[in-house]
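These notes concern the structure reproduced below.
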Amino acid sequence: MHLSIVKAYGLIAVTCLLCQSVLGKKQPDEEPIEQEEEDDTSPLMTPPIPPSQSKYVAPDSPKYDYAEVLHKSYLFYHSQKSGILPYQRMAWRGDSCKMCVGDFNEDLSRGWYEAANTMKWGLPFGWTATQLAFNVVMFEDAMNSVDELAEGLELLKWGGDYLINCHHNDTHIVGQLGTSSLGPISKLIELDVDFNYWGPPEEYEQWVPSGLPHKAYYITPDNPSSEIVGEYSAAMAAISIAWRKYNSTYADDLLDRAKRLYKFATDHPGSYVTSKENAYEWATFWYPSTRYEDELAWSAAWIYAATKEEFYLEEAKKWYGVNEDSWYEYSWDEKGAGLHVLLYSLTKDGIFYKNAMMYFNQFLPSAEQIVSFTPRGLAYIEHWGSVGYSGNVAFLMLAFAKAMGYDTVESKAMSSFAIQQINYALGDYGYSWVVGFGDNYPTKPYHKSSYNSFIDYPMRGRQQDEVEGDFTGSKTPQRFILYGAVEGGPNIDDTYHDDRSNYEYSEVTQDYNAAWTGAIAGLIDYYGSEKFEPFTDCDLDLGWTHHNASASPQWPEDDCYHTCNKGCPRGQLKSSFSWRLLTEPDSLVDNLEQLYPGNGMLRAAAVDNRKSMDPSSFDASAATKENTIVVQQAGQVISSIDKDVQEQEADEASSSAAATAPISVTVSSIGMLTMLILLSVLSLS
């Protein structure tokens, strides 16, 4: 909910990088821009190392251990994982999303959460999945060389499984899971749901103020979203490429669905920003989509990459050609710059080369350079998420340089830019923007479960307003280290706040880390994998010594990814024992028995999505049938709220009294919902 907030409140007019020409390039010797009045409880901080007065020169050898950064970046996604986990990577995250069942009994528990919340918004989730696959497609060998490929593929399957289950059929596709808020989008009256829950995701169903479980919201022919469905299609096609050599059946399923979703997106054009459903109105508030044609080009291009069928290349070119306004950004919203790189790598067509260089020259030393830089060298694309956005550009430049060959003049310039951006974020000026990396990194990221974990939740049972006050106002560091998370970024003069109350600096999200992860793999590829040793969980503080922690998994001696073990063959997926959980289904029970002696059978049931056999499930979600009834009843209440809200908003123009009407509608509806939940829990107890 980062860039979109900037858009939603109108703090900037557009996101197109060309529009930043009015700022010009900020020189290192300029005076810092005027800052907001400093909050005494949240001091404005400056990196300890002053700006360099000389032109940046990229080091000939790697300055940082990029294998460590890659390992920790993937670890961040474990902190975001949703669902019944086959194993715990860290002690402070466990099973969650236990009532995540769709209207048609789909299991929507897998995937990962957006940021500090437990939302799964379709467009940013889909792009994150696509980008994580893009990373593997471009830099698979580099990842494998430092034993991170198995981790990347495991993460892709967790996201791919969620997307498969979102595709109930060719007329009903889940475009969002979870309810951020209820009520009129005017915000005169609203009821925050997910956004008013400040505890761990493992206990969401118990403590969320409204008692509302995660609700699925659908894309249909009558409620279309070509951008969400197009992005899902792109993600499935991209994941199918990454997985094909390891599980062709899984890849075939993904690719078949990708084609069907592309057809749906083109047969039923439209955007969720015009939806009248309250959930999508709120999605538009937080994540407003600019257009959907770029997602259609993106989808077709990835299907072409997976199939080499000329029809999809022509479709990609068609949508690409009518989509020039998206050519100057790459993010969850805009795919244009990514299309330059992807289509050039697939075709070597000169038009894609020309357009890619037009995009890149905005950042590189040239007459076309228009992007602002901080005094210490960060390309300042957006205030909200500046480090993540510079990482997006760094990934595209490294991917393009690889496609051309690293030795060309253009490739050297792009590689130098990418190194500068990544090294800035890793601590070139004395402050790392990556949690858990370096000696001076963020201590208070805006992230709920690493502060209020299910194994360390001091305010459990208190009113959520109190929990929020502690979360945002306390200067207590996170109770657990959120390894690998890329924080939002600094002001344009490099200053920043390290606390949860100033969350435009400290927020972490699924998409900040997505292309960043690929850029790190790209630097391993650029410098040569022989310069790096595989990094492991050895010596990481994953919370297992906490007095409330369960027993940690008993990783075997031939696992060299999660342990301090040595001697595993490098560059072979089997050095990670978790890879075997994915690829040895006949040995699943035995393998899990090794990790959890005496509990292998129950853990295997969790992997197979047989939730009713999972002993860690809450009483209210012990049986899938009952879960479905509760969620469907909640959905009926939400639909009633939507209808009432629309009627009330329609009446506002003719009745001044209507401004207070949503209060009674919302309260009475939530009262109904609370009764339903209570009755359900009582019936199960």
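A note on labels: chains of the structure tokens are A, B, ... as shown, every chain counts residues from 1, and ligands are counted from 1 in their shown order.
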Residues of region 127-239 of chain A at most 10 Å from region 391-397 of chain A: nearest atom pair and distance in Å, only C-alpha atoms, as a Markdown table:
| residue | atom | partner | partner_atom | distance |
| --- | --- | --- | --- | --- |
| A:Gln131 | CA | A:Asn392 | CA | 9.6 |
| A:Phe134 | CA | A:Phe395 | CA | 9.9 |
| A:Asn135 | CA | A:Phe395 | CA | 8.4 |
| A:Met138 | CA | A:Phe395 | CA | 9.8 |
May I have the residues from that selection written out with N, CA and C atoms, as an mmCIF file, in the first residue's frame?
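Generated file (result.cif):
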data_model
loop_
_atom_site.group_PDB
_atom_site.id
_atom_site.type_symbol
_atom_site.label_atom_id
_atom_site.label_comp_id
_atom_site.auth_asym_id
_atom_site.auth_seq_id
_atom_site.Cartn_x
_atom_site.Cartn_y
_atom_site.Cartn_z
ATOM 1 N N GLN A 131 7.416 -11.715 -11.091
ATOM 2 C CA GLN A 131 8.789 -11.223 -10.980
ATOM 3 C C GLN A 131 9.713 -12.253 -10.339
ATOM 4 N N PHE A 134 10.548 -14.455 -13.042
ATOM 5 C CA PHE A 134 11.442 -13.748 -13.966
ATOM 6 C C PHE A 134 12.886 -13.852 -13.459
ATOM 7 N N ASN A 135 13.070 -13.709 -12.148
ATOM 8 C CA ASN A 135 14.404 -13.822 -11.559
ATOM 9 C C ASN A 135 15.041 -15.164 -11.903
ATOM 10 N N MET A 138 15.910 -15.600 -15.711
ATOM 11 C CA MET A 138 17.094 -14.861 -16.158
ATOM 12 C C MET A 138 18.379 -15.342 -15.492
#
(request) From region 166-274 of chain A, collect each residue whose DSSP state is strand (DSSP E) and return the set as a PyMOL selection string. (result) chain A and resi 167-169+172-177+181-182+191-192+216-219
(request) Mind checking which residues fall within 7 Å of region 290-297 of chain A, counting only C-alpha atoms, ignoring those fewer than 2 positions away in the same chain, and posting them as a PyMOL selection string? (result) chain A and resi 226-227+230-231+271+288+299-301+315-317+319-320+323+326+333-336
Only C-alpha atoms, please: the residues just picked out, written as a CSV table (one decimal), in the first residue's frame.
chain,number,residue,atom,x,y,z
A,226,SER,CA,-8.1,-7.6,-17.2
A,227,GLU,CA,-5.1,-6.4,-15.2
A,230,GLY,CA,-3.7,-10.8,-17.1
A,231,GLU,CA,-1.1,-10.7,-14.3
A,271,SER,CA,-10.6,-2.8,-14.8
A,288,PRO,CA,-5.1,2.0,-8.2
A,299,SER,CA,0.5,-12.1,-20.3
A,300,ALA,CA,0.9,-12.8,-24.0
A,301,ALA,CA,4.6,-12.3,-23.9
A,315,GLU,CA,-0.7,-10.6,-29.4
A,316,ALA,CA,2.1,-9.3,-27.2
A,317,LYS,CA,3.2,-6.9,-29.9
A,319,TRP,CA,-1.0,-4.8,-26.8
A,320,TYR,CA,2.6,-3.5,-26.4
A,323,ASN,CA,0.6,0.9,-24.5
A,326,SER,CA,3.4,2.4,-19.6
A,333,ASP,CA,1.1,-1.4,-11.7
A,334,GLU,CA,3.1,-0.8,-14.9
A,335,LYS,CA,4.8,-3.5,-17.0
A,336,GLY,CA,6.1,-1.5,-20.0
(request) Find the spatial neighbours of Ala305 (chain A), counting only C-alpha atoms, within a cut-off of 9 Å - ignore same-chain residues fewer than 6 positions away - and output them as a VMD selection string. (result) chain A and resid 237 to 238 241 312 to 313 342 to 343 346
Selection from above, N, CA and C atoms, as a compact mmCIF listing (two decimals), in the first residue's frame, can you write it?
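Just written: part16.txt:
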# COMPACT_ATOMS: atom_id res chain seq x y z
N ALA A 237 2.35 -18.56 -16.47
CA ALA A 237 3.22 -18.90 -17.59
C ALA A 237 4.69 -18.82 -17.18
N ALA A 238 5.05 -17.78 -16.44
CA ALA A 238 6.44 -17.62 -16.02
C ALA A 238 6.86 -18.73 -15.06
N ILE A 241 7.66 -21.97 -16.79
CA ILE A 241 9.01 -22.04 -17.39
C ILE A 241 10.02 -22.47 -16.34
N TYR A 312 0.91 -15.81 -29.76
CA TYR A 312 1.06 -15.02 -28.54
C TYR A 312 2.10 -13.92 -28.69
N LEU A 313 3.10 -14.12 -29.54
CA LEU A 313 4.04 -13.04 -29.81
C LEU A 313 3.33 -11.89 -30.52
N LEU A 342 11.94 -8.21 -21.57
CA LEU A 342 11.50 -9.58 -21.85
C LEU A 342 11.41 -9.84 -23.34
N LEU A 343 10.77 -8.95 -24.08
CA LEU A 343 10.59 -9.17 -25.51
C LEU A 343 11.92 -9.10 -26.27
N LEU A 346 13.68 -12.37 -25.82
CA LEU A 346 13.05 -13.46 -26.56
C LEU A 346 13.26 -13.35 -28.07
(message) From the options A:Ser79, A:Gln464, A:Ser233, A:Asn144, which residue's atoms come nearest to Gln206 (chain A), counting only C-alpha atoms?
(response) A:Gln464
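Neighbouring residues of Glu148 (chain A) at 8 Å or closer, counting only C-alpha atoms and skipping chain neighbours under 4 positions away, are A:Leu70, A:His71, A:Met143, A:Asn144, A:Gly152, A:Pro534.
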(message) Could you list, as number ranges by chain, every residue within 9 Å of Val589 (chain A), counting only C-alpha atoms and ignoring same-chain residues fewer than 4 positions away?
(response) A: 585, 593-594, 599-605
